[in-house]
>>> print(open('target.cif').read())   # mmCIF, C-alpha atoms and all ligand atoms
data_start
#
loop_
_atom_site.label_atom_id
_atom_site.label_comp_id
_atom_site.auth_asym_id
_atom_site.auth_seq_id
_atom_site.Cartn_x
_atom_site.Cartn_y
_atom_site.Cartn_z
CA MET A 18 -6.95 27.22 -11.00
CA LYS A 19 -5.67 26.10 -14.42
CA THR A 20 -7.98 23.53 -16.02
CA ILE A 21 -6.41 21.84 -19.01
CA ILE A 22 -7.36 19.30 -21.66
CA PRO A 23 -4.06 17.42 -22.26
CA GLN A 24 -4.46 17.47 -26.07
CA ASP A 25 -4.78 21.29 -26.07
CA LEU A 26 -1.39 21.68 -24.44
CA GLY A 27 0.48 19.05 -26.44
CA PRO A 28 2.36 16.04 -25.07
CA GLN A 29 5.66 17.71 -24.06
CA ALA A 30 4.12 20.63 -22.17
CA PHE A 31 1.59 18.37 -20.45
CA TYR A 32 4.36 15.90 -19.61
CA ARG A 33 6.18 18.65 -17.68
CA LEU A 34 3.05 19.28 -15.59
CA LEU A 35 2.45 15.56 -15.09
CA ASN A 36 6.05 14.88 -14.13
CA SER A 37 6.16 17.72 -11.61
CA SER A 38 2.82 16.92 -10.00
CA VAL A 39 2.82 13.11 -9.87
CA ALA A 40 5.82 13.22 -7.58
CA PRO A 41 7.95 12.20 -5.83
CA ARG A 42 8.24 8.91 -7.67
CA PRO A 43 10.39 5.92 -6.67
CA ILE A 44 13.22 5.06 -9.05
CA ALA A 45 13.75 1.63 -10.57
CA PHE A 46 17.34 1.14 -11.68
CA VAL A 47 16.75 -1.53 -14.30
CA SER A 48 19.31 -3.92 -15.72
CA THR A 49 18.53 -5.91 -18.86
CA ILE A 50 20.48 -8.03 -21.32
CA SER A 51 20.26 -8.48 -25.10
CA LYS A 52 20.14 -11.91 -26.76
CA GLU A 53 23.83 -11.45 -27.64
CA GLY A 54 24.62 -10.85 -23.96
CA HIS A 55 25.07 -7.04 -23.93
CA VAL A 56 24.12 -5.66 -20.51
CA ASN A 57 22.16 -2.39 -20.11
CA LEU A 58 21.40 -0.33 -16.99
CA ALA A 59 18.99 2.64 -16.88
CA PRO A 60 16.78 4.45 -14.31
CA TYR A 61 12.98 4.58 -14.65
CA SER A 62 10.72 6.59 -12.36
CA PHE A 63 7.52 5.53 -14.08
CA PHE A 64 7.72 2.71 -11.60
CA ASN A 65 5.70 1.14 -8.84
CA ILE A 66 4.41 -1.97 -7.03
CA VAL A 67 1.13 -3.14 -8.54
CA GLY A 68 0.56 -6.33 -6.59
CA PHE A 69 2.09 -8.38 -3.80
CA ASN A 70 0.81 -11.92 -4.22
CA PRO A 71 2.66 -12.65 -6.40
CA PRO A 72 4.91 -9.58 -6.00
CA MET A 73 4.49 -7.51 -9.19
CA LEU A 74 6.35 -4.36 -10.24
CA VAL A 75 5.91 -2.20 -13.33
CA PHE A 76 8.11 0.35 -15.08
CA SER A 77 7.54 2.19 -18.35
CA PRO A 78 10.12 3.13 -20.94
CA THR A 79 8.72 5.86 -23.18
CA ILE A 80 10.04 6.31 -26.70
CA THR A 81 13.21 8.40 -27.18
CA ARG A 82 13.21 11.98 -28.52
CA HIS A 83 13.95 10.42 -31.93
CA GLY A 84 10.89 8.15 -31.73
CA GLN A 85 12.97 5.02 -31.04
CA LYS A 86 12.39 2.29 -28.44
CA LYS A 87 14.74 2.54 -25.45
CA HIS A 88 17.46 -0.08 -25.10
CA SER A 89 15.88 -1.52 -21.92
CA LEU A 90 12.70 -2.29 -23.88
CA LEU A 91 14.58 -3.70 -26.89
CA ASN A 92 16.41 -6.00 -24.47
CA VAL A 93 13.33 -7.26 -22.61
CA GLU A 94 11.68 -7.99 -25.96
CA GLU A 95 14.66 -10.30 -26.61
CA VAL A 96 15.25 -11.59 -23.05
CA PRO A 97 12.20 -11.09 -20.79
CA GLU A 98 14.16 -10.82 -17.54
CA VAL A 99 15.27 -7.78 -15.51
CA THR A 100 16.74 -6.78 -12.20
CA ILE A 101 15.11 -3.78 -10.53
CA ASN A 102 17.47 -2.07 -8.11
CA LEU A 103 16.41 0.67 -5.69
CA VAL A 104 18.36 3.93 -5.62
CA SER A 105 19.71 5.35 -2.35
CA TYR A 106 21.16 8.83 -1.89
CA PRO A 107 24.85 7.77 -2.21
CA MET A 108 24.05 6.35 -5.69
CA VAL A 109 22.09 9.23 -7.18
CA GLU A 110 24.74 11.05 -9.24
CA GLN A 111 26.01 7.83 -10.83
CA THR A 112 22.41 6.77 -11.49
CA SER A 113 21.83 10.04 -13.31
CA LEU A 114 24.98 9.43 -15.37
CA ALA A 115 23.65 5.99 -16.35
CA SER A 116 20.54 7.67 -17.82
CA ALA A 117 22.53 9.38 -20.60
CA GLU A 118 21.76 8.10 -24.11
CA PHE A 119 24.78 5.85 -24.54
CA ASP A 120 24.92 3.58 -27.59
CA ARG A 121 23.02 0.31 -27.48
CA HIS A 122 25.96 -1.86 -26.58
CA VAL A 123 27.54 0.42 -24.00
CA ASN A 124 27.40 -1.19 -20.55
CA GLU A 125 26.20 1.52 -18.14
CA PHE A 126 27.45 -0.49 -15.14
CA MET A 127 30.93 0.38 -16.41
CA LYS A 128 30.13 3.90 -17.67
CA ALA A 129 28.53 4.93 -14.35
CA GLY A 130 30.98 2.97 -12.16
CA PHE A 131 28.61 0.44 -10.58
CA THR A 132 29.52 -3.13 -9.63
CA ALA A 133 27.65 -5.89 -11.47
CA VAL A 134 26.81 -8.96 -9.37
CA GLN A 135 25.74 -12.18 -11.08
CA SER A 136 22.01 -12.77 -10.50
CA GLU A 137 20.78 -16.18 -9.43
CA ARG A 138 17.41 -16.53 -11.18
CA VAL A 139 17.73 -14.17 -14.18
CA ARG A 140 20.41 -13.36 -16.75
CA PRO A 141 20.92 -9.57 -16.22
CA PRO A 142 23.28 -8.81 -13.32
CA ARG A 143 22.14 -6.75 -10.32
CA VAL A 144 23.72 -3.60 -8.81
CA ALA A 145 25.94 -4.38 -5.80
CA GLU A 146 25.66 -0.82 -4.44
CA ALA A 147 21.83 -0.87 -4.31
CA PRO A 148 20.16 -1.26 -0.89
CA VAL A 149 17.59 -3.62 -2.46
CA ALA A 150 17.60 -5.59 -5.70
CA PHE A 151 14.79 -7.63 -7.22
CA GLU A 152 15.35 -10.36 -9.78
CA CYS A 153 12.26 -10.40 -11.99
CA LEU A 154 10.71 -12.31 -14.87
CA VAL A 155 8.88 -10.07 -17.35
CA ARG A 156 5.30 -11.37 -17.48
CA GLN A 157 3.80 -8.89 -19.96
CA LEU A 158 4.70 -5.96 -22.20
CA MET A 159 1.77 -3.60 -22.47
CA PRO A 160 2.02 -0.95 -25.22
CA LEU A 161 0.55 2.40 -24.14
CA GLY A 162 -1.27 4.65 -26.58
CA GLU A 163 -1.54 4.31 -30.34
CA ASN A 164 1.38 2.41 -31.91
CA ALA A 165 3.01 2.37 -28.46
CA GLY A 166 3.72 6.10 -29.02
CA ALA A 167 3.51 6.74 -25.30
CA GLY A 168 5.82 3.86 -24.46
CA THR A 169 5.39 0.40 -23.06
CA MET A 170 4.57 -0.79 -19.58
CA VAL A 171 6.82 -3.66 -18.49
CA ILE A 172 5.03 -5.90 -15.98
CA CYS A 173 7.48 -7.87 -13.85
CA GLU A 174 7.17 -10.62 -11.25
CA VAL A 175 9.77 -10.67 -8.48
CA VAL A 176 11.27 -14.16 -8.21
CA LEU A 177 14.18 -13.36 -5.87
CA ALA A 178 14.91 -10.33 -3.68
CA HIS A 179 18.14 -9.12 -2.04
CA PHE A 180 18.09 -6.73 0.94
CA GLN A 181 21.31 -5.27 2.41
CA ASP A 182 21.65 -5.99 6.15
CA TYR A 183 22.34 -2.33 7.02
CA ILE A 184 18.85 -1.15 5.97
CA PHE A 185 17.08 -3.00 8.81
CA GLY A 186 16.22 -1.44 12.19
CA GLU A 187 16.17 -3.21 15.55
CA ASN A 188 12.52 -4.19 15.06
CA GLY A 189 13.49 -6.23 12.00
CA GLN A 190 11.70 -3.87 9.60
CA ILE A 191 13.35 -1.72 6.94
CA ASP A 192 14.27 1.59 8.58
CA PRO A 193 13.61 4.53 6.20
CA HIS A 194 16.53 6.47 7.73
CA LYS A 195 18.90 3.61 6.95
CA ILE A 196 17.72 2.76 3.44
CA ASP A 197 17.99 6.49 2.54
CA LEU A 198 16.02 6.30 -0.73
CA VAL A 199 15.69 9.06 -3.29
CA GLY A 200 12.66 9.98 -5.39
CA ARG A 201 12.23 11.85 -8.66
CA LEU A 202 10.17 14.99 -9.19
CA GLY A 203 9.86 17.27 -12.23
CA ALA A 204 12.68 19.11 -14.06
CA ASP A 205 16.00 18.33 -12.31
CA TRP A 206 14.50 17.82 -8.84
CA TYR A 207 15.01 14.83 -6.59
CA VAL A 208 13.98 14.27 -2.98
CA ARG A 209 15.94 12.46 -0.29
CA ALA A 210 13.60 10.46 1.98
CA ASN A 211 15.49 11.08 5.20
CA ASP A 212 15.82 13.45 8.18
CA ALA A 213 13.18 16.21 8.22
CA ALA A 214 11.48 14.78 5.12
CA LEU A 215 10.32 11.76 7.15
CA PHE A 216 7.36 11.80 9.53
CA ASP A 217 4.81 9.28 10.63
CA VAL A 218 1.02 9.38 10.61
CA ALA A 219 -0.88 7.22 13.11
CA ARG A 220 -2.99 4.50 11.47
CA PRO A 221 -6.55 5.83 11.29
CA GLN A 222 -9.25 4.27 13.41
CA MET A 223 -12.84 4.21 12.21
CA GLY A 224 -12.90 7.75 13.56
CA VAL A 225 -15.79 10.01 14.51
CA GLY A 226 -14.93 12.15 11.46
CA VAL A 227 -14.29 15.82 10.93
CA ASP A 228 -18.06 16.33 10.62
CA ALA A 229 -18.37 15.51 14.36
CA LEU A 230 -16.45 18.68 15.22
CA PRO A 231 -18.34 21.85 16.18
CA VAL A 232 -18.64 24.21 13.21
CA SER A 233 -16.49 26.84 14.96
CA VAL A 234 -13.66 24.30 15.24
CA ARG A 235 -14.03 23.12 11.64
CA HIS A 236 -13.75 26.71 10.43
CA SER A 237 -10.94 27.65 12.82
CA ASN A 238 -8.25 29.99 11.50
CA ILE A 239 -5.79 28.34 13.88
CA LEU A 240 -6.37 24.62 13.43
CA THR A 241 -5.20 23.21 10.09
CA GLY A 242 -6.61 20.38 8.00
CA ASN A 243 -3.99 18.07 9.57
CA ASP A 244 -5.22 19.06 13.05
CA LEU A 245 -8.83 18.39 12.06
CA GLY A 246 -7.77 15.02 10.57
CA LYS A 247 -6.19 13.98 13.91
CA LEU A 248 -9.31 15.02 15.84
CA GLY A 249 -11.61 13.27 13.35
CA SER A 250 -9.55 10.05 13.67
CA SER A 251 -10.55 9.64 17.34
CA LYS A 252 -12.65 6.56 17.87
CA THR A 253 -14.95 8.18 20.45
CA LEU A 254 -15.82 11.65 21.73
CA PRO A 255 -15.28 12.58 25.40
CA THR A 256 -18.36 11.74 27.50
CA PRO A 257 -20.41 14.56 29.14
CA ASP A 258 -18.96 13.47 32.54
CA GLU A 259 -15.41 13.72 31.25
CA ILE A 260 -16.16 17.14 29.79
CA THR A 261 -17.68 18.34 33.09
CA ALA A 262 -14.68 17.05 35.06
CA TYR A 263 -12.23 18.71 32.69
CA HIS A 264 -14.23 21.93 32.92
CA GLN A 265 -13.36 22.09 36.65
CA SER A 266 -9.65 21.34 36.12
CA ALA A 267 -6.58 23.55 36.57
CA PRO A 268 -5.69 23.79 32.83
CA VAL A 269 -9.16 25.19 32.08
CA PHE A 270 -8.92 27.75 34.91
CA ALA A 271 -5.45 28.77 33.66
CA LEU A 272 -6.73 29.27 30.13
CA ARG A 273 -9.71 31.30 31.35
CA ASP A 274 -7.43 33.51 33.46
CA GLU A 275 -5.11 34.00 30.50
CA ALA A 276 -8.07 35.17 28.39
CA ARG A 277 -9.46 37.44 31.11
CA TYR A 278 -6.24 39.10 32.31
CA GLY A 279 -4.52 39.09 28.94
CA CYS A 280 -7.62 40.48 27.20
CA GLN A 281 -7.49 37.61 24.71
CA TYR A 282 -10.28 35.89 22.85
CA LEU A 283 -10.94 32.60 24.69
CA PRO A 284 -11.82 30.46 21.63
CA ASP A 285 -8.51 31.44 20.00
CA LEU A 286 -6.62 30.38 23.13
CA GLN A 287 -8.57 27.11 23.18
CA HIS A 288 -7.68 26.40 19.57
CA LEU A 289 -4.01 27.25 20.17
CA ARG A 290 -3.91 24.96 23.23
CA ALA A 291 -5.65 22.15 21.29
CA LYS A 292 -3.15 22.59 18.45
CA GLN A 293 -0.27 22.27 20.90
CA LEU A 294 -1.79 19.13 22.46
CA LEU A 295 -2.29 17.59 19.00
CA ALA A 296 1.36 18.25 18.17
CA GLU A 297 2.23 16.34 21.37
CA GLY A 298 -0.04 13.46 20.31
CA LYS A 299 -2.59 14.18 23.09
CA VAL A 300 -5.70 13.93 20.93
CA GLU A 301 -8.16 13.10 23.74
CA GLU A 302 -7.11 16.14 25.76
CA ALA A 303 -7.32 18.33 22.66
CA TRP A 304 -10.95 17.24 22.27
CA LEU A 305 -11.60 18.11 25.95
CA VAL A 306 -10.09 21.57 25.54
CA LEU A 307 -12.29 22.21 22.51
CA LEU A 308 -15.50 20.95 24.17
CA SER A 309 -15.02 22.22 27.73
CA TYR A 310 -16.12 25.85 27.44
C1 LIG A 401 15.80 9.38 -12.31
C2 LIG A 401 15.42 9.12 -13.73
C3 LIG A 401 14.20 8.56 -14.01
C4 LIG A 401 13.84 8.28 -15.34
N1 LIG A 401 12.63 7.70 -15.58
C5 LIG A 401 12.28 7.37 -16.84
C6 LIG A 401 11.05 6.72 -17.10
O1 LIG A 401 10.26 6.41 -16.20
N2 LIG A 401 10.77 6.40 -18.39
C7 LIG A 401 11.63 6.67 -19.40
O2 LIG A 401 11.34 6.35 -20.54
N3 LIG A 401 12.80 7.29 -19.19
C8 LIG A 401 13.16 7.63 -17.93
N4 LIG A 401 14.36 8.23 -17.69
C9 LIG A 401 15.27 8.43 -18.81
C10 LIG A 401 16.01 7.13 -19.16
O3 LIG A 401 16.78 6.68 -18.04
C11 LIG A 401 16.92 7.38 -20.34
O4 LIG A 401 16.13 7.63 -21.48
C12 LIG A 401 17.89 6.26 -20.63
O5 LIG A 401 18.81 6.68 -21.61
C13 LIG A 401 17.21 5.00 -21.11
O6 LIG A 401 18.20 4.05 -21.27
P1 LIG A 401 18.12 2.83 -22.27
O7 LIG A 401 17.83 3.38 -23.65
O8 LIG A 401 19.48 2.25 -22.14
O9 LIG A 401 17.03 1.94 -21.79
C14 LIG A 401 14.73 8.57 -16.39
C15 LIG A 401 15.96 9.17 -16.10
C16 LIG A 401 16.29 9.44 -14.78
C17 LIG A 401 17.63 10.08 -14.48
#
>>> encode(input="target.cif", output="structure tokens")
Amino acid sequence: MKTIIPQDLGPQAFYRLLNSSVAPRPIAFVSTISKEGHVNLAPYSFFNIVGFNPPMLVFSPTITRHGQKKHSLLNVEEVPEVTINLVSYPMVEQTSLASAEFDRHVNEFMKAGFTAVQSERVRPPRVAEAPVAFECLVRQLMPLGENAGAGTMVICEVVLAHFQDYIFGENGQIDPHKIDLVGRLGADWYVRANDAALFDVARPQMGVGVDALPVSVRHSNILTGNDLGKLGSSKTLPTPDEITAYHQSAPVFALRDEARYGCQYLPDLQHLRAKQLLAEGKVEEAWLVLLSY
């Protein structure tokens, strides 16, 4: 275990650790406009939702390597309006191109090959290719650190939102497979939130808790923390009658025979069977297998 005081390491080295461990982060593709009307577009992964009523988003431009404010920040100081566009996998290389340090008045929509669409409630245009675009008013600029040396947090209220039709599933909700978002990690790493990267976790009940499991199960070499979490999320434990009934059932006899004739350790077989049942979503039966011997 490395235990570090940030100041001992220095800002750049600690930033690399921070950036690689607070990850993956969503990416805000932010358009802004200067008071003279020059449009800017740049990605920011220091980005998140911070409230929903009203809907509030934040992103943070740090200072440049030369100690200067980034163009996005200079623009919002002049015109406190932005569009925040979400980045899907088909956009990621062009988004990266837009992050290069072009001169102040270079329009990254043109440099990176994105289509600018006139916004309705704010002056900066939004990105046509984005699956979702938010038109936002900047409510507050919050300098971070001494003399804003760490950058500035831009606090934005969403006043209009655009969602592409193709991102919705049949249930009317945004389908993560269809929106195909990307996230940012450390160094040059990104993650694509699709295919094998996606999985669901059942909403927890006020479960019995992992501490309700027998000690031998809690310290199992076969069951993982995720398995214990599923067991602990059960609302109730099997009753003694249910356990007795299961004890007399064919699956229990089969497992006992497997242990006896295969010279295997019965608790290991129990844990393996419970693990398999948990993978199939059969949490109640997994509990019975673990309590029925
Ligand atoms: C995916 C991605 C995420 C980024 N996130 C941030 C960030 O959160 N804060 C930041 O200051 N720079 C971030 N950058 C770097 C800026 O995009 C880059 O400095 C850009 O030139 C700023 O543009 P501007 O000066 O036109 O505002 C990121 C770059 C990429 C590719």
>>> residues_near_ligand(input="target.cif", ligand="ligand LIG 401 (chain A)", cutoff="7 Å", atoms="all atoms listed in the file", output="ChimeraX atom specification")
/A:44,57-64,76-81,87-90,112-113,116-119,121,201
>>> write_last_selection(input="target.cif", atoms="C-alpha atoms", output="mmCIF file, keeping the file's coordinate frame")
data_model
loop_
_atom_site.group_PDB
_atom_site.id
_atom_site.type_symbol
_atom_site.label_atom_id
_atom_site.label_comp_id
_atom_site.auth_asym_id
_atom_site.auth_seq_id
_atom_site.Cartn_x
_atom_site.Cartn_y
_atom_site.Cartn_z
ATOM 1 C CA ILE A 44 13.220 5.060 -9.050
ATOM 2 C CA ASN A 57 22.160 -2.390 -20.110
ATOM 3 C CA LEU A 58 21.400 -0.330 -16.990
ATOM 4 C CA ALA A 59 18.990 2.640 -16.880
ATOM 5 C CA PRO A 60 16.780 4.450 -14.310
ATOM 6 C CA TYR A 61 12.980 4.580 -14.650
ATOM 7 C CA SER A 62 10.720 6.590 -12.360
ATOM 8 C CA PHE A 63 7.520 5.530 -14.080
ATOM 9 C CA PHE A 64 7.720 2.710 -11.600
ATOM 10 C CA PHE A 76 8.110 0.350 -15.080
ATOM 11 C CA SER A 77 7.540 2.190 -18.350
ATOM 12 C CA PRO A 78 10.120 3.130 -20.940
ATOM 13 C CA THR A 79 8.720 5.860 -23.180
ATOM 14 C CA ILE A 80 10.040 6.310 -26.700
ATOM 15 C CA THR A 81 13.210 8.400 -27.180
ATOM 16 C CA LYS A 87 14.740 2.540 -25.450
ATOM 17 C CA HIS A 88 17.460 -0.080 -25.100
ATOM 18 C CA SER A 89 15.880 -1.520 -21.920
ATOM 19 C CA LEU A 90 12.700 -2.290 -23.880
ATOM 20 C CA THR A 112 22.410 6.770 -11.490
ATOM 21 C CA SER A 113 21.830 10.040 -13.310
ATOM 22 C CA SER A 116 20.540 7.670 -17.820
ATOM 23 C CA ALA A 117 22.530 9.380 -20.600
ATOM 24 C CA GLU A 118 21.760 8.100 -24.110
ATOM 25 C CA PHE A 119 24.780 5.850 -24.540
ATOM 26 C CA ARG A 121 23.020 0.310 -27.480
ATOM 27 C CA ARG A 201 12.230 11.850 -8.660
#
>>> atom_distance(input="target.cif", atom1="atom CA of A:Val234", atom2="atom CA of A:Pro284")
9.1 Å
>>> residues_around(input="target.cif", residues="A:Leu74", least_positions_apart="4", cutoff="8 Å", atoms="only C-alpha atoms", output="PDB file with C-alpha atoms, in the frame of the given file")
ATOM      1  CA  PHE A  64       7.720   2.710 -11.600  1.00  0.00           C
ATOM      2  CA  ASN A  65       5.700   1.140  -8.840  1.00  0.00           C
ATOM      3  CA  ILE A  66       4.410  -1.970  -7.030  1.00  0.00           C
ATOM      4  CA  VAL A  67       1.130  -3.140  -8.540  1.00  0.00           C
ATOM      5  CA  GLY A  68       0.560  -6.330  -6.590  1.00  0.00           C
ATOM      6  CA  ILE A 172       5.030  -5.900 -15.980  1.00  0.00           C
ATOM      7  CA  CYS A 173       7.480  -7.870 -13.850  1.00  0.00           C
ATOM      8  CA  GLU A 174       7.170 -10.620 -11.250  1.00  0.00           C
ATOM      9  CA  VAL A 175       9.770 -10.670  -8.480  1.00  0.00           C
TER      10      VAL A 175
END
>>> closest_atom_pairs(input="target.cif", of="stretch 57-145 of chain A", to="stretch 176-181 of chain A", cutoff="10 Å", atoms="only C-alpha atoms", output="JSON lines")
{"residue": "A:Pro71", "atom": "CA", "partner": "A:Val176", "partner_atom": "CA", "distance": 8.9}
{"residue": "A:Pro72", "atom": "CA", "partner": "A:Val176", "partner_atom": "CA", "distance": 8.1}
{"residue": "A:Met73", "atom": "CA", "partner": "A:Val176", "partner_atom": "CA", "distance": 9.5}
{"residue": "A:Thr100", "atom": "CA", "partner": "A:Ala178", "partner_atom": "CA", "distance": 9.4}
{"residue": "A:Ile101", "atom": "CA", "partner": "A:Ala178", "partner_atom": "CA", "distance": 9.5}
{"residue": "A:Asn102", "atom": "CA", "partner": "A:His179", "partner_atom": "CA", "distance": 9.3}
{"residue": "A:Ser136", "atom": "CA", "partner": "A:Leu177", "partner_atom": "CA", "distance": 9.1}
{"residue": "A:Glu137", "atom": "CA", "partner": "A:Leu177", "partner_atom": "CA", "distance": 8.0}
{"residue": "A:Arg138", "atom": "CA", "partner": "A:Leu177", "partner_atom": "CA", "distance": 7.0}
{"residue": "A:Val139", "atom": "CA", "partner": "A:Val176", "partner_atom": "CA", "distance": 8.8}
{"residue": "A:Arg143", "atom": "CA", "partner": "A:His179", "partner_atom": "CA", "distance": 9.5}
{"residue": "A:Ala145", "atom": "CA", "partner": "A:Gln181", "partner_atom": "CA", "distance": 9.5}
>>> write_last_selection(input="target.cif", atoms="C-alpha atoms", output="PDB file, in the frame of the given file")
ATOM      1  CA  PRO A  71       2.660 -12.650  -6.400  1.00  0.00           C
ATOM      2  CA  PRO A  72       4.910  -9.580  -6.000  1.00  0.00           C
ATOM      3  CA  MET A  73       4.490  -7.510  -9.190  1.00  0.00           C
ATOM      4  CA  THR A 100      16.740  -6.780 -12.200  1.00  0.00           C
ATOM      5  CA  ILE A 101      15.110  -3.780 -10.530  1.00  0.00           C
ATOM      6  CA  ASN A 102      17.470  -2.070  -8.110  1.00  0.00           C
ATOM      7  CA  SER A 136      22.010 -12.770 -10.500  1.00  0.00           C
ATOM      8  CA  GLU A 137      20.780 -16.180  -9.430  1.00  0.00           C
ATOM      9  CA  ARG A 138      17.410 -16.530 -11.180  1.00  0.00           C
ATOM     10  CA  VAL A 139      17.730 -14.170 -14.180  1.00  0.00           C
ATOM     11  CA  ARG A 143      22.140  -6.750 -10.320  1.00  0.00           C
ATOM     12  CA  ALA A 145      25.940  -4.380  -5.800  1.00  0.00           C
TER      13      ALA A 145
END
>>> residues_around(input="target.cif", residues="A:Pro193", least_positions_apart="4", cutoff="10 Å", atoms="all atoms listed in the file", output="PyMOL selection string")
chain A and resi 184-186+197-198+210-212+215
>>> closest_residue(input="target.cif", among="A:Ile260, A:Leu103, A:Leu26, A:Leu161", to="A:Pro148", atoms="only C-alpha atoms")
A:Leu103
>>> decode(input="target.cif", residues="stretch 48-69 of chain A", atoms="N, CA and C atoms", output="PDB file, in the first residue's frame")
ATOM      1  N   SER A  48     -18.960  23.742 -25.704  1.00  0.00           N
ATOM      2  CA  SER A  48     -18.803  24.867 -26.634  1.00  0.00           C
ATOM      3  C   SER A  48     -19.080  26.161 -25.893  1.00  0.00           C
ATOM      4  N   THR A  49     -18.278  27.181 -26.246  1.00  0.00           N
ATOM      5  CA  THR A  49     -18.401  28.512 -25.633  1.00  0.00           C
ATOM      6  C   THR A  49     -18.234  29.549 -26.742  1.00  0.00           C
ATOM      7  N   ILE A  50     -18.448  30.796 -26.400  1.00  0.00           N
ATOM      8  CA  ILE A  50     -18.313  31.852 -27.414  1.00  0.00           C
ATOM      9  C   ILE A  50     -17.734  33.104 -26.731  1.00  0.00           C
ATOM     10  N   SER A  51     -16.836  33.807 -27.429  1.00  0.00           N
ATOM     11  CA  SER A  51     -16.276  35.035 -26.857  1.00  0.00           C
ATOM     12  C   SER A  51     -17.222  36.200 -27.131  1.00  0.00           C
ATOM     13  N   LYS A  52     -16.941  37.349 -26.492  1.00  0.00           N
ATOM     14  CA  LYS A  52     -17.864  38.488 -26.691  1.00  0.00           C
ATOM     15  C   LYS A  52     -17.835  38.976 -28.141  1.00  0.00           C
ATOM     16  N   GLU A  53     -16.702  38.680 -28.843  1.00  0.00           N
ATOM     17  CA  GLU A  53     -16.653  39.064 -30.277  1.00  0.00           C
ATOM     18  C   GLU A  53     -17.321  38.027 -31.169  1.00  0.00           C
ATOM     19  N   GLY A  54     -17.750  36.899 -30.581  1.00  0.00           N
ATOM     20  CA  GLY A  54     -18.466  35.892 -31.376  1.00  0.00           C
ATOM     21  C   GLY A  54     -17.596  34.743 -31.864  1.00  0.00           C
ATOM     22  N   HIS A  55     -16.355  34.598 -31.326  1.00  0.00           N
ATOM     23  CA  HIS A  55     -15.521  33.456 -31.717  1.00  0.00           C
ATOM     24  C   HIS A  55     -15.949  32.223 -30.934  1.00  0.00           C
ATOM     25  N   VAL A  56     -16.214  31.137 -31.658  1.00  0.00           N
ATOM     26  CA  VAL A  56     -16.709  29.901 -31.035  1.00  0.00           C
ATOM     27  C   VAL A  56     -15.540  29.011 -30.657  1.00  0.00           C
ATOM     28  N   ASN A  57     -15.643  28.338 -29.507  1.00  0.00           N
ATOM     29  CA  ASN A  57     -14.612  27.405 -29.024  1.00  0.00           C
ATOM     30  C   ASN A  57     -15.272  26.084 -28.655  1.00  0.00           C
ATOM     31  N   LEU A  58     -14.540  24.983 -28.837  1.00  0.00           N
ATOM     32  CA  LEU A  58     -15.070  23.652 -28.489  1.00  0.00           C
ATOM     33  C   LEU A  58     -13.929  22.848 -27.877  1.00  0.00           C
ATOM     34  N   ALA A  59     -14.130  22.315 -26.667  1.00  0.00           N
ATOM     35  CA  ALA A  59     -13.050  21.547 -26.016  1.00  0.00           C
ATOM     36  C   ALA A  59     -13.650  20.510 -25.058  1.00  0.00           C
ATOM     37  N   PRO A  60     -12.984  19.335 -24.930  1.00  0.00           N
ATOM     38  CA  PRO A  60     -13.469  18.309 -23.995  1.00  0.00           C
ATOM     39  C   PRO A  60     -12.958  18.516 -22.570  1.00  0.00           C
ATOM     40  N   TYR A  61     -13.805  18.188 -21.601  1.00  0.00           N
ATOM     41  CA  TYR A  61     -13.460  18.292 -20.174  1.00  0.00           C
ATOM     42  C   TYR A  61     -14.002  17.054 -19.442  1.00  0.00           C
ATOM     43  N   SER A  62     -13.090  16.321 -18.828  1.00  0.00           N
ATOM     44  CA  SER A  62     -13.552  15.135 -18.078  1.00  0.00           C
ATOM     45  C   SER A  62     -13.629  15.389 -16.575  1.00  0.00           C
ATOM     46  N   PHE A  63     -13.205  16.569 -16.145  1.00  0.00           N
ATOM     47  CA  PHE A  63     -13.534  16.966 -14.770  1.00  0.00           C
ATOM     48  C   PHE A  63     -14.951  17.509 -14.881  1.00  0.00           C
ATOM     49  N   PHE A  64     -15.897  16.589 -14.850  1.00  0.00           N
ATOM     50  CA  PHE A  64     -17.261  16.881 -15.276  1.00  0.00           C
ATOM     51  C   PHE A  64     -18.234  15.968 -14.548  1.00  0.00           C
ATOM     52  N   ASN A  65     -19.340  16.524 -14.120  1.00  0.00           N
ATOM     53  CA  ASN A  65     -20.386  15.665 -13.559  1.00  0.00           C
ATOM     54  C   ASN A  65     -21.700  16.412 -13.359  1.00  0.00           C
ATOM     55  N   ILE A  66     -22.752  15.625 -12.996  1.00  0.00           N
ATOM     56  CA  ILE A  66     -24.028  16.196 -12.535  1.00  0.00           C
ATOM     57  C   ILE A  66     -23.829  16.505 -11.054  1.00  0.00           C
ATOM     58  N   VAL A  67     -24.309  17.668 -10.611  1.00  0.00           N
ATOM     59  CA  VAL A  67     -24.233  17.931  -9.167  1.00  0.00           C
ATOM     60  C   VAL A  67     -25.605  18.237  -8.569  1.00  0.00           C
ATOM     61  N   GLY A  68     -26.623  18.227  -9.396  1.00  0.00           N
ATOM     62  CA  GLY A  68     -27.971  18.448  -8.868  1.00  0.00           C
ATOM     63  C   GLY A  68     -28.962  18.233  -9.985  1.00  0.00           C
ATOM     64  N   PHE A  69     -30.231  17.939  -9.617  1.00  0.00           N
ATOM     65  CA  PHE A  69     -31.191  17.701 -10.710  1.00  0.00           C
ATOM     66  C   PHE A  69     -32.431  18.587 -10.635  1.00  0.00           C
TER      67      PHE A  69
END
